[in-house]
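Below is the file model.txt, which contains compact mmCIF, C-alpha atoms.
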```
# COMPACT_ATOMS: atom_id res chain seq x y z
CA MET A 1 123.13 37.86 143.78
CA ILE A 2 119.39 37.63 143.14
CA SER A 3 119.77 38.88 139.56
CA GLN A 4 122.66 36.47 138.97
CA ILE A 5 120.66 33.49 140.25
CA LEU A 6 117.68 34.56 138.15
CA PHE A 7 119.89 34.93 135.10
CA ILE A 8 121.41 31.45 135.54
CA ALA A 9 117.93 29.94 136.06
CA ILE A 10 116.66 31.55 132.84
CA ILE A 11 119.68 30.29 130.89
CA ILE A 12 119.23 26.72 132.16
CA ALA A 13 115.48 26.74 131.46
CA ALA A 14 116.03 28.08 127.93
CA VAL A 15 118.70 25.49 127.10
CA VAL A 16 116.63 22.61 128.49
CA LEU A 17 113.49 23.69 126.61
CA PHE A 18 115.44 24.13 123.36
CA SER A 19 117.03 20.68 123.77
CA ILE A 20 113.60 19.07 124.28
CA ASN A 21 112.18 20.76 121.18
CA VAL A 22 115.19 19.89 119.01
CA LYS A 23 114.97 16.29 120.20
CA LYS A 24 111.35 16.18 118.98
CA VAL A 25 112.35 17.59 115.60
CA ILE A 26 115.09 14.98 115.24
CA ARG A 27 112.62 12.27 116.24
CA ASN A 28 110.24 13.48 113.51
CA ILE A 29 113.00 13.47 110.90
CA ARG A 30 113.89 9.91 111.88
CA LEU A 31 110.39 8.85 110.88
CA GLY A 32 111.84 8.71 107.38
CA ARG A 33 113.67 5.83 105.73
CA ASP A 34 117.44 5.52 105.81
CA ALA A 35 119.47 7.18 103.08
CA ASP A 36 123.24 7.10 102.69
CA ARG A 37 124.74 10.52 102.01
CA SER A 38 128.20 9.85 103.46
CA ASP A 39 129.98 9.80 100.09
CA GLN A 40 132.27 12.56 98.75
CA PRO A 41 132.81 14.31 102.12
CA SER A 42 135.17 16.93 100.64
CA LYS A 43 132.68 17.92 97.96
CA ARG A 44 129.89 18.00 100.52
CA LEU A 45 131.91 20.27 102.79
CA MET A 46 132.65 22.63 99.92
CA THR A 47 128.97 22.67 98.97
CA MET A 48 128.02 23.61 102.53
CA LEU A 49 130.66 26.36 102.70
CA LYS A 50 129.65 27.75 99.32
CA VAL A 51 125.85 27.52 99.58
CA ALA A 52 125.12 27.85 103.31
CA PHE A 53 128.01 30.01 104.55
CA GLY A 54 128.69 31.85 101.30
CA GLN A 55 125.01 32.13 100.26
CA SER A 56 126.10 31.71 96.64
CA LYS A 57 122.58 30.92 95.35
CA MET A 58 121.09 34.06 96.89
CA VAL A 59 122.83 36.42 94.47
CA VAL A 60 120.40 35.58 91.65
CA ARG A 61 118.24 38.31 93.23
CA PRO A 62 120.82 40.96 94.25
CA ILE A 63 118.67 43.26 96.44
CA PRO A 64 117.22 40.63 98.80
CA ALA A 65 120.61 38.88 98.71
CA ALA A 66 122.38 41.99 100.02
CA LEU A 67 119.72 42.57 102.70
CA HIS A 68 119.77 38.92 103.75
CA PHE A 69 123.57 38.95 103.98
CA VAL A 70 123.44 41.92 106.34
CA VAL A 71 120.92 40.13 108.58
CA TYR A 72 122.95 36.91 108.37
CA ALA A 73 126.25 38.63 109.20
CA GLY A 74 124.59 40.59 112.00
CA PHE A 75 123.04 37.45 113.47
CA VAL A 76 126.40 35.65 113.51
CA ILE A 77 128.71 38.48 114.52
CA ILE A 78 126.57 40.49 116.94
CA ASN A 79 125.86 37.32 118.90
CA ILE A 80 129.56 37.14 119.74
CA GLU A 81 128.63 39.78 122.30
CA VAL A 82 126.28 37.25 123.89
CA LEU A 83 129.39 35.58 125.34
CA GLU A 84 130.19 38.79 127.23
CA ILE A 85 126.56 39.17 128.32
CA MET A 86 126.58 35.59 129.64
CA ILE A 87 129.73 36.15 131.69
CA ASP A 88 128.47 39.49 133.01
CA GLY A 89 125.13 37.95 133.92
CA ILE A 90 126.66 35.00 135.79
CA PHE A 91 129.39 36.88 137.68
CA GLY A 92 127.73 40.28 138.07
CA THR A 93 130.44 42.10 136.10
CA HIS A 94 129.98 44.77 133.45
CA ARG A 95 131.67 44.69 130.03
CA ILE A 96 134.13 42.06 131.21
CA PHE A 97 136.08 42.25 127.94
CA GLY A 98 136.48 46.03 128.17
CA GLY A 99 140.12 45.51 129.12
CA LEU A 100 140.88 44.56 125.52
CA GLY A 101 141.07 48.28 124.83
CA THR A 102 141.29 49.23 121.16
CA LEU A 103 140.19 45.76 120.00
CA TYR A 104 137.11 45.96 122.21
CA ASN A 105 136.27 49.42 120.87
CA PHE A 106 136.56 48.07 117.32
CA LEU A 107 134.32 45.09 118.11
CA ILE A 108 131.57 47.13 119.78
CA GLY A 109 131.71 49.71 116.98
CA SER A 110 131.39 46.94 114.39
CA PHE A 111 128.46 45.40 116.29
CA GLU A 112 126.68 48.74 116.29
CA ILE A 113 127.12 49.30 112.56
CA LEU A 114 125.85 45.77 111.90
CA ALA A 115 122.94 46.27 114.30
CA TRP A 116 121.89 49.37 112.38
CA GLY A 117 122.20 47.40 109.13
CA VAL A 118 120.06 44.57 110.51
CA TRP A 119 117.45 47.05 111.78
CA LEU A 120 117.25 48.73 108.37
CA ALA A 121 117.17 45.41 106.44
CA CYS A 122 114.34 44.06 108.61
CA VAL A 123 112.28 47.22 108.11
CA ILE A 124 112.76 46.89 104.33
CA PHE A 125 111.73 43.22 104.50
CA LEU A 126 108.59 44.21 106.41
CA ILE A 127 107.78 46.81 103.76
CA ARG A 128 108.29 44.26 100.96
CA ARG A 129 105.94 41.79 102.65
CA ASN A 130 103.21 44.04 104.02
CA ILE A 131 103.17 47.21 101.91
CA LEU A 132 104.63 46.30 98.51
CA LYS A 133 103.10 42.82 98.89
CA LEU A 134 105.40 40.97 96.52
CA LYS A 135 103.54 38.25 94.67
CA ARG A 136 105.52 35.30 96.08
CA PHE A 137 104.61 36.39 99.62
CA MET A 138 100.89 36.57 98.86
CA ALA A 139 100.26 32.91 97.94
CA SER A 140 97.37 31.05 99.55
CA GLU A 141 99.66 28.61 101.40
CA LEU A 142 101.08 31.55 103.38
CA GLU A 143 97.73 32.66 104.78
CA GLY A 144 97.48 32.65 108.56
CA TRP A 145 100.40 31.40 110.62
CA PRO A 146 103.15 31.34 107.91
CA LYS A 147 102.63 35.02 107.13
CA SER A 148 102.45 35.94 110.82
CA ASP A 149 105.56 33.87 111.55
CA ALA A 150 107.67 35.92 109.14
CA ASN A 151 106.38 39.20 110.56
CA TYR A 152 106.94 38.08 114.17
CA ILE A 153 110.59 37.34 113.45
CA LEU A 154 111.19 40.62 111.62
CA PHE A 155 109.51 42.67 114.37
CA THR A 156 111.53 40.79 116.99
CA GLU A 157 114.79 41.52 115.16
CA VAL A 158 113.89 45.21 114.98
CA LEU A 159 113.13 45.28 118.72
CA LEU A 160 116.30 43.38 119.63
CA MET A 161 118.51 45.73 117.61
CA THR A 162 116.70 48.76 119.05
CA ALA A 163 117.27 47.44 122.58
CA PHE A 164 120.93 46.79 121.81
CA LEU A 165 121.53 50.34 120.56
CA LEU A 166 119.54 51.93 123.43
CA MET A 167 121.51 49.82 125.94
CA ASN A 168 124.78 51.05 124.49
CA ALA A 169 123.57 54.67 124.40
CA ALA A 170 122.53 54.57 128.07
CA ASP A 171 125.79 52.81 128.95
CA ALA A 172 127.85 55.44 127.13
CA LYS A 173 126.08 58.26 128.97
CA LEU A 174 126.54 56.53 132.32
CA GLN A 175 130.24 56.19 131.55
CA THR A 176 130.53 59.96 131.08
CA LEU A 177 128.82 60.48 134.47
CA GLY A 178 131.65 58.53 136.10
CA LEU A 179 129.60 55.84 137.87
CA SER A 180 132.00 53.23 139.24
CA HIS A 181 130.21 50.20 137.76
CA TYR A 182 130.14 51.76 134.28
CA THR A 183 133.83 51.97 133.46
CA ALA A 184 134.78 53.58 130.16
CA ALA A 185 134.83 50.87 127.50
CA GLY A 186 133.58 50.54 123.94
CA SER A 187 133.05 52.69 120.89
CA PHE A 188 129.54 53.76 119.95
CA PRO A 189 129.41 55.12 116.37
CA VAL A 190 125.65 54.60 116.01
CA SER A 191 124.17 54.81 119.50
CA GLN A 192 125.99 58.10 120.15
CA PHE A 193 123.23 59.77 118.13
CA LEU A 194 120.66 58.47 120.64
CA ILE A 195 122.48 59.87 123.68
CA PRO A 196 120.98 63.43 123.42
CA LEU A 197 117.50 61.86 123.52
CA LEU A 198 118.11 60.15 126.88
CA PRO A 199 117.32 61.60 130.31
CA ASP A 200 120.10 62.93 132.59
CA GLN A 201 119.11 61.23 135.87
CA PRO A 202 121.54 58.36 136.66
CA SER A 203 118.78 56.20 138.21
CA VAL A 204 116.62 56.45 135.06
CA LEU A 205 119.62 55.73 132.84
CA ILE A 206 120.56 52.67 134.90
CA ALA A 207 116.98 51.39 134.70
CA LEU A 208 117.00 51.92 130.93
CA GLU A 209 120.37 50.23 130.45
CA ARG A 210 119.46 47.26 132.67
CA GLY A 211 116.01 46.95 131.10
CA CYS A 212 117.46 46.85 127.58
CA TRP A 213 120.18 44.42 128.73
CA TRP A 214 117.60 42.00 130.12
CA PHE A 215 115.31 42.44 127.11
CA HIS A 216 118.19 41.75 124.73
CA ILE A 217 119.35 38.49 126.34
CA ILE A 218 115.86 37.18 127.15
CA GLY A 219 114.80 38.08 123.61
CA ILE A 220 117.68 36.05 122.18
CA LEU A 221 116.81 33.05 124.37
CA ALA A 222 113.12 33.36 123.46
CA PHE A 223 114.09 33.56 119.78
CA LEU A 224 116.20 30.41 120.20
CA ASN A 225 113.22 28.50 121.57
CA TYR A 226 110.90 29.91 118.92
CA LEU A 227 113.04 28.51 116.10
CA PRO A 228 111.73 24.89 116.26
CA TYR A 229 108.20 26.23 115.69
CA SER A 230 109.21 28.55 112.87
CA LYS A 231 110.42 28.55 109.28
CA HIS A 232 113.49 30.28 110.67
CA PHE A 233 114.80 26.90 111.77
CA HIS A 234 116.77 27.15 108.53
CA ILE A 235 119.22 29.32 110.50
CA LEU A 236 120.47 26.06 112.02
CA PHE A 237 119.40 23.41 109.50
CA ALA A 238 120.74 25.13 106.37
CA PHE A 239 124.21 23.79 107.12
CA PRO A 240 123.45 20.05 107.47
CA ASN A 241 120.85 20.38 104.71
CA THR A 242 123.39 21.65 102.19
CA TYR A 243 126.01 19.17 103.39
CA TYR A 244 123.68 16.23 102.76
CA SER A 245 122.17 17.64 99.57
CA ASN A 246 122.04 15.55 96.40
CA LEU A 247 125.32 15.70 94.48
CA GLU A 248 124.14 13.59 91.55
CA PRO A 249 123.08 15.21 88.24
CA LYS A 250 119.68 16.84 88.70
CA GLY A 251 118.10 14.86 85.88
CA GLU A 252 119.06 11.52 87.40
CA PHE A 253 116.22 9.72 89.19
CA THR A 254 116.66 7.11 91.89
CA ASN A 255 115.97 3.47 91.08
CA MET A 256 114.22 1.20 93.55
CA GLU A 257 116.47 -1.73 94.43
CA SER A 258 113.60 -4.25 94.29
CA VAL A 259 112.63 -3.15 90.77
CA THR A 260 116.27 -3.12 89.64
CA ASN A 261 116.70 -6.68 90.91
CA GLU A 262 113.58 -7.78 88.99
CA VAL A 263 114.96 -6.34 85.77
CA LYS A 264 118.37 -7.95 86.34
CA ALA A 265 116.71 -11.31 86.99
CA MET A 266 114.74 -11.01 83.72
CA LEU A 267 117.89 -10.22 81.76
CA ASP A 268 120.05 -12.80 83.51
CA PRO A 269 118.26 -15.90 84.88
CA SER A 270 121.37 -16.79 86.88
CA PHE A 271 121.21 -13.53 88.83
CA VAL A 272 120.34 -14.10 92.49
CA PRO A 273 119.31 -10.84 94.22
CA ALA A 274 120.25 -10.25 97.83
CA GLU A 275 117.45 -10.56 100.32
CA ALA A 276 115.75 -7.22 100.91
CA ALA A 277 113.00 -6.25 103.30
CA ALA A 278 109.61 -5.83 101.69
CA GLY A 279 108.78 -2.19 101.29
CA ARG A 280 106.27 0.12 99.70
CA PHE A 281 106.71 1.36 96.16
CA GLY A 282 107.05 5.12 96.43
CA ALA A 283 105.66 7.15 99.30
CA LYS A 284 102.17 7.33 100.73
CA ASP A 285 103.10 9.05 103.99
CA VAL A 286 106.09 10.74 105.60
CA ASN A 287 107.57 7.48 106.89
CA ASP A 288 107.94 6.32 103.27
CA LEU A 289 110.14 9.32 102.44
CA THR A 290 113.82 9.44 103.41
CA TRP A 291 115.14 11.38 106.37
CA ILE A 292 116.76 13.71 103.80
CA ASN A 293 113.32 14.61 102.42
CA LEU A 294 112.03 15.27 105.94
CA MET A 295 115.04 17.38 106.89
CA ASN A 296 114.43 19.37 103.68
CA ALA A 297 110.91 20.10 104.92
CA TYR A 298 112.16 21.44 108.25
CA THR A 299 114.81 23.53 106.47
CA CYS A 300 112.40 25.22 104.06
CA THR A 301 112.47 29.00 104.48
CA GLU A 302 109.13 29.49 102.69
CA CYS A 303 110.81 32.17 100.57
CA GLY A 304 108.86 31.07 97.49
CA ARG A 305 111.74 31.19 95.04
CA CYS A 306 110.93 27.63 94.00
CA THR A 307 107.28 28.42 93.31
CA SER A 308 108.08 31.67 91.50
CA VAL A 309 110.10 29.78 88.85
CA CYS A 310 107.85 26.71 88.62
CA PRO A 311 106.42 26.56 85.06
CA ALA A 312 103.35 24.69 86.29
CA ASN A 313 102.58 27.35 88.88
CA ILE A 314 103.30 30.19 86.47
CA THR A 315 100.74 28.81 84.02
CA GLY A 316 98.05 28.68 86.70
CA LYS A 317 98.22 25.04 87.75
CA LEU A 318 97.71 24.04 91.37
CA LEU A 319 101.29 22.94 92.05
CA SER A 320 103.46 25.01 94.40
CA PRO A 321 106.81 23.40 95.36
CA ARG A 322 106.86 25.56 98.49
CA LYS A 323 103.48 24.12 99.54
CA ILE A 324 104.82 20.58 98.99
CA MET A 325 107.54 21.24 101.56
CA MET A 326 105.18 22.99 103.99
CA ASP A 327 102.64 20.16 103.74
CA THR A 328 105.34 17.56 104.41
CA ARG A 329 106.45 19.46 107.50
CA ASP A 330 102.86 19.88 108.71
CA ARG A 331 102.22 16.15 108.35
CA MET A 332 105.42 15.37 110.28
CA GLU A 333 104.38 17.73 113.04
CA GLU A 334 100.93 16.13 113.22
CA VAL A 335 102.40 12.63 113.50
CA GLY A 336 104.95 13.81 116.09
CA LYS A 337 102.29 15.43 118.28
CA SER A 338 100.20 12.26 118.08
CA LEU A 339 103.17 10.18 119.20
CA ASP A 340 103.85 12.59 122.08
CA GLN A 341 100.28 12.09 123.26
CA LYS A 342 100.57 8.28 122.91
CA GLY A 343 98.21 8.54 119.96
CA PRO A 344 98.05 6.45 116.79
CA GLY A 345 100.87 8.31 115.05
CA LEU A 346 100.94 7.18 111.43
CA GLU A 347 97.87 5.00 111.95
CA ASP A 348 95.45 7.90 112.18
CA GLY A 349 93.65 7.27 108.90
CA LYS A 350 95.46 10.13 107.16
CA SER A 351 98.35 10.23 104.72
CA LEU A 352 100.58 12.78 103.04
CA ILE A 353 99.02 12.10 99.65
CA ASP A 354 95.34 13.07 99.40
CA ASN A 355 95.02 14.53 102.92
CA TYR A 356 97.80 17.08 102.45
CA ILE A 357 99.05 16.94 98.87
CA THR A 358 96.50 16.37 96.12
CA ARG A 359 96.87 14.21 93.01
CA GLU A 360 96.38 17.29 90.85
CA GLU A 361 99.45 18.87 92.42
CA ILE A 362 101.84 15.99 91.89
CA TRP A 363 100.77 15.39 88.27
CA ALA A 364 101.11 19.09 87.39
CA CYS A 365 104.88 18.83 87.92
CA THR A 366 106.98 18.80 84.73
CA SER A 367 110.06 17.37 86.53
CA CYS A 368 112.12 20.27 85.17
CA ASN A 369 114.10 20.78 88.41
CA ALA A 370 113.62 24.58 88.27
CA CYS A 371 112.53 24.52 91.93
CA VAL A 372 115.65 22.58 92.97
CA GLU A 373 117.89 24.96 91.06
CA ALA A 374 116.21 28.04 92.55
CA CYS A 375 116.29 26.97 96.21
CA PRO A 376 118.99 28.93 98.07
CA ILE A 377 119.70 25.99 100.41
CA ASN A 378 119.46 23.00 98.03
CA ILE A 379 116.02 21.70 99.03
CA ASP A 380 114.60 19.12 96.62
CA PRO A 381 110.77 19.23 96.33
CA LEU A 382 110.91 17.10 93.17
CA ALA A 383 112.20 14.09 95.15
CA ILE A 384 109.02 14.10 97.25
CA ILE A 385 106.76 14.61 94.22
CA THR A 386 108.46 11.71 92.42
CA GLU A 387 107.95 9.34 95.36
CA LEU A 388 104.27 10.29 95.66
CA ARG A 389 103.83 9.68 91.92
CA ARG A 390 105.62 6.34 92.22
CA TYR A 391 103.19 5.25 94.92
CA ALA A 392 100.17 6.33 92.88
CA VAL A 393 101.34 4.39 89.81
CA MET A 394 102.99 1.29 91.29
CA GLU A 395 100.85 0.71 94.38
CA GLU A 396 97.45 2.03 93.34
CA SER A 397 97.65 1.96 89.53
CA GLN A 398 96.15 5.44 89.60
CA ALA A 399 97.49 7.94 87.11
CA PRO A 400 96.04 10.38 84.55
CA THR A 401 94.93 8.80 81.29
CA SER A 402 97.78 10.43 79.39
CA ILE A 403 100.31 8.86 81.76
CA ASN A 404 98.72 5.42 81.51
CA THR A 405 98.71 5.68 77.71
CA MET A 406 102.37 6.64 77.70
CA LEU A 407 103.31 3.75 80.04
CA GLY A 408 101.32 1.31 77.91
CA ASN A 409 103.09 2.50 74.76
CA ILE A 410 106.49 2.07 76.39
CA GLU A 411 105.55 -1.46 77.44
CA ASN A 412 104.18 -2.47 74.04
CA ASN A 413 106.10 -0.32 71.58
CA GLY A 414 109.32 0.51 73.41
CA ALA A 415 108.60 4.24 73.09
CA PRO A 416 106.06 6.77 74.46
CA TRP A 417 104.26 6.93 71.09
CA LYS A 418 101.52 4.65 69.79
CA TYR A 419 103.44 3.56 66.69
CA SER A 420 105.07 0.15 66.59
CA PRO A 421 108.86 0.00 66.14
CA ALA A 422 108.39 -1.29 62.57
CA ASP A 423 106.49 1.88 61.58
CA ARG A 424 108.78 4.33 63.32
CA PHE A 425 110.58 5.47 60.15
CA ASN A 426 107.55 5.75 57.89
CA TRP A 427 107.83 9.52 57.98
CA ALA A 428 111.17 9.26 56.16
CA LYS A 429 109.61 7.27 53.30
CA GLU A 430 106.80 9.79 52.94
CA ASN A 431 109.33 12.58 52.51
```
For this file, write the structure as structure tokens.
Amino acid sequence: MISQILFIAIIIAAVVLFSINVKKVIRNIRLGRDADRSDQPSKRLMTMLKVAFGQSKMVVRPIPAALHFVVYAGFVIINIEVLEIMIDGIFGTHRIFGGLGTLYNFLIGSFEILAWGVWLACVIFLIRRNILKLKRFMASELEGWPKSDANYILFTEVLLMTAFLLMNAADAKLQTLGLSHYTAAGSFPVSQFLIPLLPDQPSVLIALERGCWWFHIIGILAFLNYLPYSKHFHILFAFPNTYYSNLEPKGEFTNMESVTNEVKAMLDPSFVPAEAAAGRFGAKDVNDLTWINLMNAYTCTECGRCTSVCPANITGKLLSPRKIMMDTRDRMEEVGKSLDQKGPGLEDGKSLIDNYITREEIWACTSCNACVEACPINIDPLAIITELRRYAVMEESQAPTSINTMLGNIENNGAPWKYSPADRFNWAKEN
């Protein structure tokens, strides 16, 4: 009974702590402006099924795609066993679903094969990051915590899968010894190879099996509560993020309603715009972005696919789309912590632009949408860059000389070039 009470207490504590942390994340996302993404529900659902469930955008890089799919499938399917662990922990039973017979044997056997696949994939990922040191994992924005975060998760997955297989191996050996509590149930195609390495004393085997059982479930609960602090929050947020992703053509920019109304009024003096609340042009801080932008930041996996295809980054410029998303998330976290402490929140003298993202970064962007196309979960760094640029131009009148020249030409000549409309076809006369 003591172990059952302890187990229930741990479950309740883990769920409560996770709920508190998720509530804070949602509060931070709601710092952003409203945005309506309720249109085309059928298309949105298909996008989520294709991109998040089907991982269709991962296949551009086949090797990591295959490894990631194994980890993804293992995470989803192996955790079905958590239901059995929960019931056993609450009621003091052992392999409560063992009565399913052949089906149960098939399930446990499948879990073991997947667990071995996850173990192997995580080891390969660790090698890619720490020994092969792939370029996109060595960027300056990943120094410190982001790099450690990825390694912590991979090591944890390796330990959890090791504990799972050792638990099954000890369980299988105890079953052969005929102990009453360990009734024969399950098939062990992988852990059977570990059985010869285990001791023969029943007491030691029971301690090993129980130790691995507790480590496995507590590890899963600890992992659950680690997610809100980690880039691995995409495990949960990838699905709403892809559902609410932008379905409009990638080259289509948003128009500000206030500016659109001004243009309509100039073209049609009889036009009477609807009353709209005064707002900032573009975005200076996270509260000027939409909640979609902020959810994108929490969903970012820091995989670096966006940065690896960014033409500005490739040519040595300061811009990294991955850093844009990480900076946005960091600023949100800073504001959220300030609000938790009854601090100034957004009135702390800082802002997303300048304090986190520099002017050089936002003006290095070519607006090519390569980062948006490359992201495996439809994150849109360009939307944030565009809003920061809009603020710099429309609120502060600060832009590079080349941009100001281009804007002046459009205003005066109706085109980005310095020639007047009357001289535009002079080249044809010369030829």
With range 60-76 of chain A as the partner and 12 Å as the cut-off, tabulate the residues of range 137-212 of chain A that qualify, each row holding the nearest pair of atoms and their distance in Å to one decimal, using only C-alpha atoms, sorted by chain and rising number, as a tab-separated table.
```
residue	atom	partner	partner_atom	distance
A:Ile153	CA	A:Val71	CA	11.8
A:Leu154	CA	A:Val71	CA	10.2
A:Glu157	CA	A:Val71	CA	9.1
A:Val158	CA	A:Val71	CA	10.8
A:Leu160	CA	A:Phe75	CA	10.9
A:Met161	CA	A:Gly74	CA	9.7
```
### Query
Could you name the residues that touch range 316-328 of chain A at 9 Å or less, counting only C-alpha atoms, but leaving out those on the same chain fewer than 2 positions away, as a VMD selection string?
chain A and resid 141 to 142 285 to 286 293 to 294 296 to 298 300 to 308 310 to 314 330 to 333 352 356 to 357 360 to 365 371 379 to 382 384 to 385
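Of the residues under consideration (A:Gln192, A:Gln398, A:Ser230, A:Asn130), A:Ser230 shows the shortest atom-to-atom contact distance to Pro146 in chain A when counting only C-alpha atoms.
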#### Entry: Within 8 Å of file point (129.6, 37.6, 141.0), counting all atoms listed in the file, expressed as a PyMOL selection string
chain A and resi 1+4+90-93
### Query
Which residue, A:Met48, A:Ile77, A:Ala150, A:Ile87, has the smallest gap to Leu227 in chain A when you use all atoms listed in the file?
A:Ala150
### Message
What's the separation between CA of Thr358 in chain A and CA of Ala415 in chain A, in Å to one decimal place?
### Response
28.7 Å
